[in-house]
Each structure stands twice: as C-alpha cells, then as structure tokens.
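Everything below belongs to data.pdb, which stores PDB, C-alpha atoms.
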```
MODEL        1
ATOM      1  CA  MET A 219       2.420 -25.297 -18.068
ATOM      2  CA  ASP A 220       5.810 -26.296 -16.621
ATOM      3  CA  GLU A 221       5.818 -29.493 -14.638
ATOM      4  CA  VAL A 222       6.045 -29.293 -10.856
ATOM      5  CA  PRO A 223       7.713 -32.125  -8.921
ATOM      6  CA  GLU A 224       5.296 -34.611  -7.439
ATOM      7  CA  ARG A 225       4.555 -34.451  -3.735
ATOM      8  CA  SER A 226       6.809 -36.658  -1.700
ATOM      9  CA  SER A 227       5.113 -39.609  -0.074
ATOM     10  CA  THR A 228       7.768 -39.740   2.645
ATOM     11  CA  GLY A 229       8.738 -36.103   3.223
ATOM     12  CA  PRO A 230       7.096 -33.754   5.719
ATOM     13  CA  ILE A 231       3.814 -32.274   4.446
ATOM     14  CA  GLN A 232       2.349 -30.787   7.621
ATOM     15  CA  SER A 233       4.211 -27.470   7.254
ATOM     16  CA  TYR A 234       4.218 -24.871   4.514
ATOM     17  CA  LEU A 235       8.006 -24.882   4.870
ATOM     18  CA  SER A 236      10.071 -27.776   6.175
ATOM     19  CA  VAL A 237      13.860 -27.477   6.324
ATOM     20  CA  GLN A 238      15.646 -30.683   7.293
ATOM     21  CA  ASN A 239      19.274 -30.975   8.423
ATOM     22  CA  ILE A 240      20.814 -28.301   6.175
ATOM     23  CA  TYR A 241      24.583 -28.056   5.898
ATOM     24  CA  LYS A 242      26.452 -25.432   3.894
ATOM     25  CA  ARG A 243      30.183 -24.889   3.564
ATOM     26  CA  TYR A 244      32.183 -22.235   1.727
ATOM     27  CA  ALA A 245      35.732 -23.533   1.274
ATOM     28  CA  GLU A 246      36.991 -24.261   4.807
ATOM     29  CA  LEU A 247      34.176 -22.362   6.542
ATOM     30  CA  GLU A 248      31.158 -24.437   7.545
ATOM     31  CA  VAL A 249      28.373 -21.837   7.737
ATOM     32  CA  LEU A 250      25.406 -24.131   8.498
ATOM     33  CA  LYS A 251      25.698 -27.290  10.580
ATOM     34  CA  GLY A 252      22.561 -29.366  10.386
ATOM     35  CA  VAL A 253      19.864 -26.691  10.700
ATOM     36  CA  SER A 254      16.189 -27.733  10.687
ATOM     37  CA  LEU A 255      13.050 -25.632  11.018
ATOM     38  CA  GLU A 256       9.338 -25.750  10.347
ATOM     39  CA  ALA A 257       6.970 -22.921   9.414
ATOM     40  CA  ALA A 258       3.263 -23.696   9.459
ATOM     41  CA  GLN A 259       0.606 -21.827   7.506
ATOM     42  CA  HIS A 260       0.037 -18.302   8.884
ATOM     43  CA  GLU A 261       3.134 -18.589  11.100
ATOM     44  CA  VAL A 262       5.880 -15.964  11.428
ATOM     45  CA  VAL A 263       9.264 -17.496  12.204
ATOM     46  CA  SER A 264      12.071 -15.053  13.015
ATOM     47  CA  LEU A 265      15.773 -15.874  12.861
ATOM     48  CA  ILE A 266      18.059 -13.911  15.138
ATOM     49  CA  GLY A 267      21.737 -14.145  15.988
ATOM     50  CA  ALA A 268      25.061 -12.400  15.642
ATOM     51  CA  SER A 269      26.580 -11.508  12.295
ATOM     52  CA  GLY A 270      28.048 -14.625  10.716
ATOM     53  CA  SER A 271      25.763 -17.040  12.535
ATOM     54  CA  GLY A 272      24.273 -18.330   9.267
ATOM     55  CA  LYS A 273      20.895 -16.555   9.134
ATOM     56  CA  SER A 274      21.136 -15.095   5.626
ATOM     57  CA  THR A 275      22.848 -18.203   4.274
ATOM     58  CA  LEU A 276      19.927 -20.277   5.538
ATOM     59  CA  LEU A 277      17.425 -18.087   3.673
ATOM     60  CA  ARG A 278      19.541 -18.319   0.516
ATOM     61  CA  CYS A 279      19.592 -22.104   0.829
ATOM     62  CA  ILE A 280      15.819 -22.214   1.280
ATOM     63  CA  ASN A 281      15.208 -20.556  -2.087
ATOM     64  CA  LEU A 282      18.272 -22.196  -3.685
ATOM     65  CA  LEU A 283      20.251 -19.026  -4.297
ATOM     66  CA  ALA A 284      22.836 -21.099  -2.451
ATOM     67  CA  ILE A 285      22.810 -24.877  -2.862
ATOM     68  CA  PRO A 286      22.945 -26.736   0.470
ATOM     69  CA  ASP A 287      25.638 -29.391   0.654
ATOM     70  CA  ARG A 288      23.340 -31.723   2.573
ATOM     71  CA  GLY A 289      19.754 -31.732   3.746
ATOM     72  CA  ASP A 290      16.359 -31.273   2.139
ATOM     73  CA  ILE A 291      13.707 -28.577   1.835
ATOM     74  CA  TRP A 292       9.973 -29.005   1.245
ATOM     75  CA  ILE A 293       7.644 -26.188   0.164
ATOM     76  CA  ASP A 294       3.981 -27.017   0.795
ATOM     77  CA  GLY A 295       4.864 -30.706   0.803
ATOM     78  CA  VAL A 296       6.936 -30.602  -2.400
ATOM     79  CA  ARG A 297      10.620 -31.415  -2.134
ATOM     80  CA  LEU A 298      12.980 -29.002  -3.872
ATOM     81  CA  PRO A 299      14.695 -30.746  -6.786
ATOM     82  CA  LEU A 300      18.347 -31.312  -5.872
ATOM     83  CA  SER A 301      20.576 -34.140  -7.045
ATOM     84  CA  GLN A 302      24.134 -35.324  -6.520
ATOM     85  CA  ASP A 303      26.206 -37.560  -8.774
ATOM     86  CA  ASP A 304      29.082 -39.755  -7.603
ATOM     87  CA  GLY A 305      29.866 -37.672  -4.536
ATOM     88  CA  GLY A 306      30.196 -34.422  -6.491
ATOM     89  CA  PRO A 307      28.581 -31.106  -5.591
ATOM     90  CA  ARG A 308      24.818 -30.967  -5.405
ATOM     91  CA  ARG A 309      23.008 -29.274  -8.244
ATOM     92  CA  ILE A 310      19.535 -28.160  -9.233
ATOM     93  CA  ARG A 311      17.923 -30.995 -11.143
ATOM     94  CA  ASP A 312      15.081 -29.040 -12.762
ATOM     95  CA  GLN A 313      15.442 -25.290 -13.382
ATOM     96  CA  LYS A 314      11.837 -24.889 -14.541
ATOM     97  CA  ALA A 315      10.568 -26.495 -11.364
ATOM     98  CA  VAL A 316      12.758 -24.212  -9.253
ATOM     99  CA  ARG A 317      11.343 -21.129 -10.984
ATOM    100  CA  LEU A 318       7.846 -22.288 -10.132
ATOM    101  CA  MET A 319       8.848 -23.052  -6.551
ATOM    102  CA  ARG A 320      10.347 -19.568  -6.184
ATOM    103  CA  ALA A 321       6.980 -18.174  -7.194
ATOM    104  CA  ARG A 322       5.619 -19.815  -4.043
ATOM    105  CA  LEU A 323       8.545 -18.591  -1.971
ATOM    106  CA  ALA A 324       9.204 -14.892  -2.586
ATOM    107  CA  MET A 325      12.236 -13.217  -1.036
ATOM    108  CA  VAL A 326      12.775  -9.596   0.000
ATOM    109  CA  PHE A 327      16.460  -8.656   0.145
ATOM    110  CA  GLN A 328      18.224  -6.124   2.340
ATOM    111  CA  SER A 329      19.582  -4.320  -0.739
ATOM    112  CA  PHE A 330      16.177  -4.109  -2.539
ATOM    113  CA  ASN A 331      17.486  -5.667  -5.809
ATOM    114  CA  LEU A 332      15.206  -3.568  -8.006
ATOM    115  CA  TRP A 333      15.958  -3.224 -11.714
ATOM    116  CA  SER A 334      17.460   0.276 -11.996
ATOM    117  CA  HIS A 335      16.455   0.707 -15.647
ATOM    118  CA  LYS A 336      12.790  -0.146 -15.065
ATOM    119  CA  THR A 337      10.081   1.927 -13.426
ATOM    120  CA  ILE A 338       8.652   0.802 -10.110
ATOM    121  CA  ILE A 339       5.514  -0.645 -11.663
ATOM    122  CA  GLU A 340       7.613  -2.448 -14.301
ATOM    123  CA  ASN A 341       9.686  -3.956 -11.491
ATOM    124  CA  VAL A 342       6.570  -5.225  -9.754
ATOM    125  CA  MET A 343       5.097  -6.662 -12.972
ATOM    126  CA  GLU A 344       8.272  -8.311 -14.265
ATOM    127  CA  ALA A 345       8.202 -11.723 -12.561
ATOM    128  CA  PRO A 346       4.479 -12.565 -12.908
ATOM    129  CA  ILE A 347       4.621 -11.824 -16.643
ATOM    130  CA  HIS A 348       7.912 -13.580 -17.429
ATOM    131  CA  VAL A 349       7.851 -16.417 -14.887
ATOM    132  CA  LEU A 350       4.121 -17.164 -14.582
ATOM    133  CA  ASN A 351       3.069 -15.937 -18.047
ATOM    134  CA  ALA A 352       0.385 -13.820 -16.375
ATOM    135  CA  PRO A 353      -1.672 -11.487 -18.623
ATOM    136  CA  LYS A 354      -0.124  -8.044 -18.782
ATOM    137  CA  ALA A 355      -3.310  -6.026 -18.185
ATOM    138  CA  GLU A 356      -4.323  -8.157 -15.204
ATOM    139  CA  THR A 357      -0.803  -7.953 -13.764
ATOM    140  CA  ARG A 358      -0.739  -4.178 -14.109
ATOM    141  CA  ASP A 359      -4.012  -3.893 -12.181
ATOM    142  CA  LYS A 360      -2.607  -6.128  -9.456
ATOM    143  CA  ALA A 361       0.652  -4.156  -9.340
ATOM    144  CA  GLU A 362      -1.235  -0.852  -9.069
ATOM    145  CA  ALA A 363      -3.250  -2.223  -6.144
ATOM    146  CA  LEU A 364      -0.160  -3.528  -4.362
ATOM    147  CA  LEU A 365       1.723  -0.252  -4.752
ATOM    148  CA  ALA A 366      -1.276   1.527  -3.248
ATOM    149  CA  ARG A 367      -1.338  -1.005  -0.439
ATOM    150  CA  VAL A 368       2.283  -0.304   0.536
ATOM    151  CA  GLY A 369       1.729   3.436   0.215
ATOM    152  CA  ILE A 370       3.689   4.330  -2.921
ATOM    153  CA  ALA A 371       1.051   4.379  -5.673
ATOM    154  CA  ASP A 372       2.256   7.863  -6.624
ATOM    155  CA  LYS A 373       5.729   6.469  -7.384
ATOM    156  CA  ARG A 374       4.567   3.878  -9.937
ATOM    157  CA  ASN A 375       6.272   5.605 -12.870
ATOM    158  CA  ALA A 376       9.407   6.648 -11.011
ATOM    159  CA  TYR A 377      12.729   4.817 -11.218
ATOM    160  CA  PRO A 378      14.343   3.228  -8.149
ATOM    161  CA  ALA A 379      17.029   5.923  -7.902
ATOM    162  CA  GLN A 380      14.264   8.521  -7.491
ATOM    163  CA  LEU A 381      12.894   6.813  -4.352
ATOM    164  CA  SER A 382      14.110   6.759  -0.777
ATOM    165  CA  GLY A 383      15.440   3.519   0.631
ATOM    166  CA  GLY A 384      12.211   2.910   2.503
ATOM    167  CA  GLN A 385      10.153   3.453  -0.628
ATOM    168  CA  GLN A 386      12.400   1.097  -2.591
ATOM    169  CA  GLN A 387      11.991  -1.605   0.031
ATOM    170  CA  ARG A 388       8.212  -1.186   0.004
ATOM    171  CA  ALA A 389       8.355  -1.546  -3.793
ATOM    172  CA  ALA A 390      10.373  -4.742  -3.305
ATOM    173  CA  ILE A 391       7.683  -6.069  -0.957
ATOM    174  CA  ALA A 392       4.992  -5.231  -3.531
ATOM    175  CA  ARG A 393       7.058  -7.074  -6.152
ATOM    176  CA  ALA A 394       7.223 -10.147  -3.916
ATOM    177  CA  LEU A 395       3.482 -10.038  -3.220
ATOM    178  CA  CYS A 396       2.655  -9.764  -6.916
ATOM    179  CA  MET A 397       3.768 -13.395  -7.300
ATOM    180  CA  GLU A 398       1.081 -14.423  -4.784
ATOM    181  CA  PRO A 399       3.581 -16.503  -2.808
ATOM    182  CA  LYS A 400       2.688 -18.986  -0.109
ATOM    183  CA  ILE A 401       5.742 -17.969   1.939
ATOM    184  CA  LEU A 402       7.612 -14.668   2.244
ATOM    185  CA  LEU A 403      11.307 -14.609   3.146
ATOM    186  CA  PHE A 404      12.767 -11.357   4.521
ATOM    187  CA  ASP A 405      16.548 -11.014   4.745
ATOM    188  CA  GLU A 406      17.346  -8.062   7.055
ATOM    189  CA  PRO A 407      14.848  -5.871   5.158
ATOM    190  CA  THR A 408      15.625  -2.735   7.194
ATOM    191  CA  SER A 409      19.389  -3.027   7.667
ATOM    192  CA  ALA A 410      20.238  -0.828   4.667
ATOM    193  CA  LEU A 411      17.797   1.932   5.676
ATOM    194  CA  ASP A 412      18.356   5.178   7.527
ATOM    195  CA  PRO A 413      16.788   4.955  11.011
ATOM    196  CA  GLU A 414      13.938   7.312  10.156
ATOM    197  CA  LEU A 415      12.858   5.055   7.272
ATOM    198  CA  VAL A 416      12.795   1.762   9.182
ATOM    199  CA  GLY A 417       9.312   2.286  10.613
ATOM    200  CA  GLU A 418       7.535   2.553   7.264
ATOM    201  CA  VAL A 419       8.867  -0.842   6.154
ATOM    202  CA  LEU A 420       8.149  -2.520   9.485
ATOM    203  CA  LYS A 421       4.557  -1.221   9.314
ATOM    204  CA  VAL A 422       4.017  -3.011   6.004
ATOM    205  CA  MET A 423       5.510  -6.184   7.454
ATOM    206  CA  ARG A 424       3.313  -5.925  10.569
ATOM    207  CA  ASP A 425       0.275  -5.623   8.335
ATOM    208  CA  LEU A 426       1.332  -8.744   6.411
ATOM    209  CA  ALA A 427       1.796 -10.671   9.648
ATOM    210  CA  ALA A 428      -1.627  -9.503  10.848
ATOM    211  CA  GLU A 429      -3.161 -10.842   7.609
ATOM    212  CA  GLY A 430      -1.831 -14.293   8.445
ATOM    213  CA  ARG A 431       0.976 -14.412   5.891
ATOM    214  CA  THR A 432       3.493 -17.212   6.364
ATOM    215  CA  MET A 433       6.839 -15.469   6.853
ATOM    216  CA  VAL A 434      10.442 -16.314   7.708
ATOM    217  CA  VAL A 435      12.237 -13.168   8.811
ATOM    218  CA  VAL A 436      15.886 -12.403   9.500
ATOM    219  CA  SER A 437      15.951  -9.187  11.496
ATOM    220  CA  HIS A 438      17.875  -7.267  14.139
ATOM    221  CA  GLU A 439      14.747  -5.250  15.035
ATOM    222  CA  MET A 440      14.036  -7.048  18.293
ATOM    223  CA  SER A 441      10.858  -5.156  19.204
ATOM    224  CA  PHE A 442       9.397  -6.155  15.836
ATOM    225  CA  VAL A 443      10.490  -9.767  16.301
ATOM    226  CA  ARG A 444       8.877  -9.913  19.749
ATOM    227  CA  GLU A 445       5.643  -8.405  18.473
ATOM    228  CA  VAL A 446       4.917 -10.420  15.327
ATOM    229  CA  SER A 447       6.672 -13.782  15.710
ATOM    230  CA  ASN A 448       5.048 -17.078  16.572
ATOM    231  CA  LYS A 449       8.478 -18.659  16.899
ATOM    232  CA  VAL A 450      11.971 -17.216  17.336
ATOM    233  CA  ILE A 451      15.097 -19.192  16.434
ATOM    234  CA  PHE A 452      18.503 -18.137  17.764
ATOM    235  CA  LEU A 453      21.338 -19.205  15.477
ATOM    236  CA  HIS A 454      24.851 -19.436  16.884
ATOM    237  CA  GLN A 455      27.953 -20.545  14.997
ATOM    238  CA  GLY A 456      25.929 -22.190  12.248
ATOM    239  CA  GLY A 457      23.474 -24.125  14.372
ATOM    240  CA  ILE A 458      20.248 -23.597  16.275
ATOM    241  CA  ALA A 459      21.267 -22.891  19.850
ATOM    242  CA  GLU A 460      17.779 -22.100  21.095
ATOM    243  CA  GLN A 461      14.217 -21.623  19.898
ATOM    244  CA  GLY A 462      10.800 -20.913  21.339
ATOM    245  CA  THR A 463       8.044 -18.348  21.548
ATOM    246  CA  PRO A 464       9.094 -14.708  21.892
ATOM    247  CA  ALA A 465       8.109 -14.804  25.581
ATOM    248  CA  GLU A 466      10.201 -17.901  26.216
ATOM    249  CA  LEU A 467      13.276 -16.775  24.347
ATOM    250  CA  PHE A 468      13.378 -13.099  25.304
ATOM    251  CA  ARG A 469      12.354 -13.467  28.938
ATOM    252  CA  ARG A 470      14.080 -16.725  29.806
ATOM    253  CA  PRO A 471      16.934 -17.473  27.390
ATOM    254  CA  GLN A 472      18.434 -20.826  28.306
ATOM    255  CA  THR A 473      21.888 -20.684  26.713
ATOM    256  CA  GLU A 474      24.760 -18.419  27.620
ATOM    257  CA  ALA A 475      25.201 -17.455  23.960
ATOM    258  CA  CYS A 476      21.589 -16.281  23.664
ATOM    259  CA  GLN A 477      21.744 -14.445  26.981
ATOM    260  CA  LYS A 478      24.863 -12.592  25.842
ATOM    261  CA  PHE A 479      23.423 -11.779  22.412
ATOM    262  CA  LEU A 480      20.182 -10.364  23.813
ATOM    263  CA  SER A 481      22.013  -8.448  26.520
ATOM    264  CA  ASN A 482      24.173  -6.755  23.888
ATOM    265  CA  ILE A 483      21.477  -6.036  21.328
ATOM    266  CA  LEU A 484      18.824  -4.835  23.802
ATOM    267  CA  GLN A 485      21.097  -2.345  25.561
TER     268      GLN A 485
ENDMDL
END
```
Could you write out this file's structure as structure tokens?
Amino acid sequence: MDEVPERSSTGPIQSYLSVQNIYKRYAELEVLKGVSLEAAQHEVVSLIGASGSGKSTLLRCINLLAIPDRGDIWIDGVRLPLSQDDGGPRRIRDQKAVRLMRARLAMVFQSFNLWSHKTIIENVMEAPIHVLNAPKAETRDKAEALLARVGIADKRNAYPAQLSGGQQQRAAIARALCMEPKILLFDEPTSALDPELVGEVLKVMRDLAAEGRTMVVVSHEMSFVREVSNKVIFLHQGGIAEQGTPAELFRRPQTEACQKFLSNILQ
C-alpha cells in the first residue's frame, strides 16, 4: 500500500479539516489573503460570498487542484505534503500521498466532470478501482447501491449525455461517495442546473447532511445553506469578513459587505 504522511505532532488534529492561513495569487491578482477555517466531524460548513470572493479557489486549494502560495492544510490530522525550495513556487512533494488524501476528501464540481465515454456505473467505479485498488465486483455492488440511493439506478448503463443535468450531478455525488471519503467538498453543485432540477440535487445533499457527513459547501442557495449548515463563512475580497451560525449570520450580519450581499441575494 502507498505510504501516507505521518501525523503531525504540532499541527491541528482536533478537526477533520483544518485550513491555516491560505494565500493564493494568480499573476497580479491575490485571490485568497490568509484564509483559515475548521470543519469538525459531522459538521457542515458553507462558504458564501459574491462572485470572485475566493470561494471556489479555496476549495481547489484544499484538495490541491490549486497549490496555495502560503499556508497549510490538515486532513484528519495529516498535513498535506507541500514543499518549497529556495523561495520558488510551492509544489506537491508526494503525488501518491496526495492521491490517497483525495480519497478522503472527495469533491463534487459544478460542471459534473463525468467521463463522457464511460457509462454512469463505470464513472462511479473508476476511482475506487484505479486509485484504491478496490476489487471490481465489490466496487460494482457498492456503485449499484449508491446509484439507487441517489435515485438513478435505472441510468447505470446510460452515458452522461443521455442524462439530465440533475441526474449527472447525482451521479457525480455517487462517484464521490464511492470513495468513502471523510469529507465532501461541493463547489456550486447546482449552479449549472436548470431551476427545475436544483431540488433533486439539494435533496441528496440534505440527506447527506442529515446522516452526519462532514461537508464544505460553496453555494448560492441560501435557503439550503440556512437549513443544513452548522457554520456559515462569508468571504469578501479574498478574506473571511464574517462567520457564525446561520442564525447569527443571516439574522444579524455584522459587516456592511455581508449586509449588502444578503440584501441583494435574498431579494
């Protein structure tokens, strides 16, 4: 089995996910400016904010699809393996370790990211077989059960192009769950859907939250955020401007930026 980095003796271990002082710049644009957050086991943390505030970039840094320029990330007490030589750009130190970490930290994208040339059940089975070396027969049984759970068992042998957007996103959620992750990341999972399809995806996500799944969610669906979140974080211009429980943040926003954002989005 591939080697996993040892647990840090100095890093945070009390949270399933600990993000510490993350900075990220693209050319002259500094997208994230020292962002930190914690997500405990069974906790749903939602990130809200205007377009360009850094929400999606933060998720991409958490699973190392984007490499943070500064800061550290721990998953279940294990620090993600990043290194920097002589002031140069940071890089992934151990690709095998990152693949294993991503198995603990599954991400659902706004654009589904399903393999177009594979059937739905093949999409769901792909990562456990090729990343975790899971037995094919056992993985197929698990994939069948997950597709039934998200309500698209009858689409198992269809191709993504034959499904609606809502069905594709539910397949993407089943694919993420098939890795048995400790944490689920959702990046605007309903933003690419027609309005009538949004509800079927949010229902699956509500069910996951009710099960006690640890989730970090970027969403503009404010009623969903208010209902399922333990903590809401408002990002503004690359930093955390405000955070608290849904009741605290939605009823009594403290910053002018958050007040303006909620006023506009809740109209």
- Convert the output of the PyMOL selection byres ((chain A and resi 415) around 12) on the shown file into explicit residues, formatted as a list in words.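 This file gives the following for the PyMOL selection byres ((chain A and resi 415) around 12): Leu381, Ser382, Gly383, Gly384, Gln385, Gln386, Gln387, Arg388, Pro407, Thr408, Ser409, Ala410, Leu411, Asp412, Pro413, Glu414, Val416, Gly417, Glu418, Val419, Leu420 and Lys421 of chain A.
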For the selection just defined, write its residues with C-alpha atoms to a file, as a PDB file, keeping the file's coordinate frame.
```pdb
ATOM      1  CA  LEU A 381      12.894   6.813  -4.352  1.00  0.00           C
ATOM      2  CA  SER A 382      14.110   6.759  -0.777  1.00  0.00           C
ATOM      3  CA  GLY A 383      15.440   3.519   0.631  1.00  0.00           C
ATOM      4  CA  GLY A 384      12.211   2.910   2.503  1.00  0.00           C
ATOM      5  CA  GLN A 385      10.153   3.453  -0.628  1.00  0.00           C
ATOM      6  CA  GLN A 386      12.400   1.097  -2.591  1.00  0.00           C
ATOM      7  CA  GLN A 387      11.991  -1.605   0.031  1.00  0.00           C
ATOM      8  CA  ARG A 388       8.212  -1.186   0.004  1.00  0.00           C
ATOM      9  CA  PRO A 407      14.848  -5.871   5.158  1.00  0.00           C
ATOM     10  CA  THR A 408      15.625  -2.735   7.194  1.00  0.00           C
ATOM     11  CA  SER A 409      19.389  -3.027   7.667  1.00  0.00           C
ATOM     12  CA  ALA A 410      20.238  -0.828   4.667  1.00  0.00           C
ATOM     13  CA  LEU A 411      17.797   1.932   5.676  1.00  0.00           C
ATOM     14  CA  ASP A 412      18.356   5.178   7.527  1.00  0.00           C
ATOM     15  CA  PRO A 413      16.788   4.955  11.011  1.00  0.00           C
ATOM     16  CA  GLU A 414      13.938   7.312  10.156  1.00  0.00           C
ATOM     17  CA  VAL A 416      12.795   1.762   9.182  1.00  0.00           C
ATOM     18  CA  GLY A 417       9.312   2.286  10.613  1.00  0.00           C
ATOM     19  CA  GLU A 418       7.535   2.553   7.264  1.00  0.00           C
ATOM     20  CA  VAL A 419       8.867  -0.842   6.154  1.00  0.00           C
ATOM     21  CA  LEU A 420       8.149  -2.520   9.485  1.00  0.00           C
ATOM     22  CA  LYS A 421       4.557  -1.221   9.314  1.00  0.00           C
TER      23      LYS A 421
END
```
- Message: as a list of chain:residue names, please: the residues near stretch 344-351 of chain A (cut-off 10 Å, only C-alpha atoms, same-chain neighbours under 4 positions excluded).
- Response: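 Answer for this query is A:Met219, A:Asp220, A:Lys314, A:Arg317, A:Leu318, A:Arg320, A:Ala321, A:Trp333, A:Lys336, A:Ile339, A:Glu340, A:Ala355, A:Glu356, A:Thr357, A:Arg358, A:Ala361, A:Arg393, A:Ala394, A:Cys396, A:Met397, A:Glu398.
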- Item | All residues 10 Å or closer to A:Ala284, all atoms listed in the file, same chain fewer than 6 positions away omitted, as a ChimeraX atom specification | /A:242,275-278
Selection from above, C-alpha atoms, as a short mmCIF file (atom, residue, chain, number, x, y, z; two decimals), in the frame of the given file, can you write it?
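Ended up saving to part19.cif:
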```
data_model
loop_
_atom_site.label_atom_id
_atom_site.label_comp_id
_atom_site.auth_asym_id
_atom_site.auth_seq_id
_atom_site.Cartn_x
_atom_site.Cartn_y
_atom_site.Cartn_z
CA LYS A 242 26.45 -25.43 3.89
CA THR A 275 22.85 -18.20 4.27
CA LEU A 276 19.93 -20.28 5.54
CA LEU A 277 17.42 -18.09 3.67
CA ARG A 278 19.54 -18.32 0.52
#
```
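Across A:Arg288, A:Lys251, A:Arg469, A:Lys273, the tightest approach to A:Leu453 is made by A:Lys273 when counting only C-alpha atoms.
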- In Å and to one decimal, atom CA of A:Gly252 is distant from atom CA of A:Val237 by 9.8 Å
- Task: Quick one: pull the distance between atom CA of A:Asp290 and atom CA of A:Gln238, Å, one decimal.
- Result: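 So the answer is 5.2 Å.
Minimum atom-to-atom distance to A:Ile280, evaluated using all atoms listed in the file, belongs to A:Leu323 out of A:Val450, A:Ala392, A:Leu323, A:Ile370.
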- Message: Suppose a student applies the PyMOL selection byres ((chain A and resi 300) around 10) to this structure; what residues should they get, written as a ChimeraX atom specification?
- Response: /A:282,285-291,297-299,301-302,308-312,316
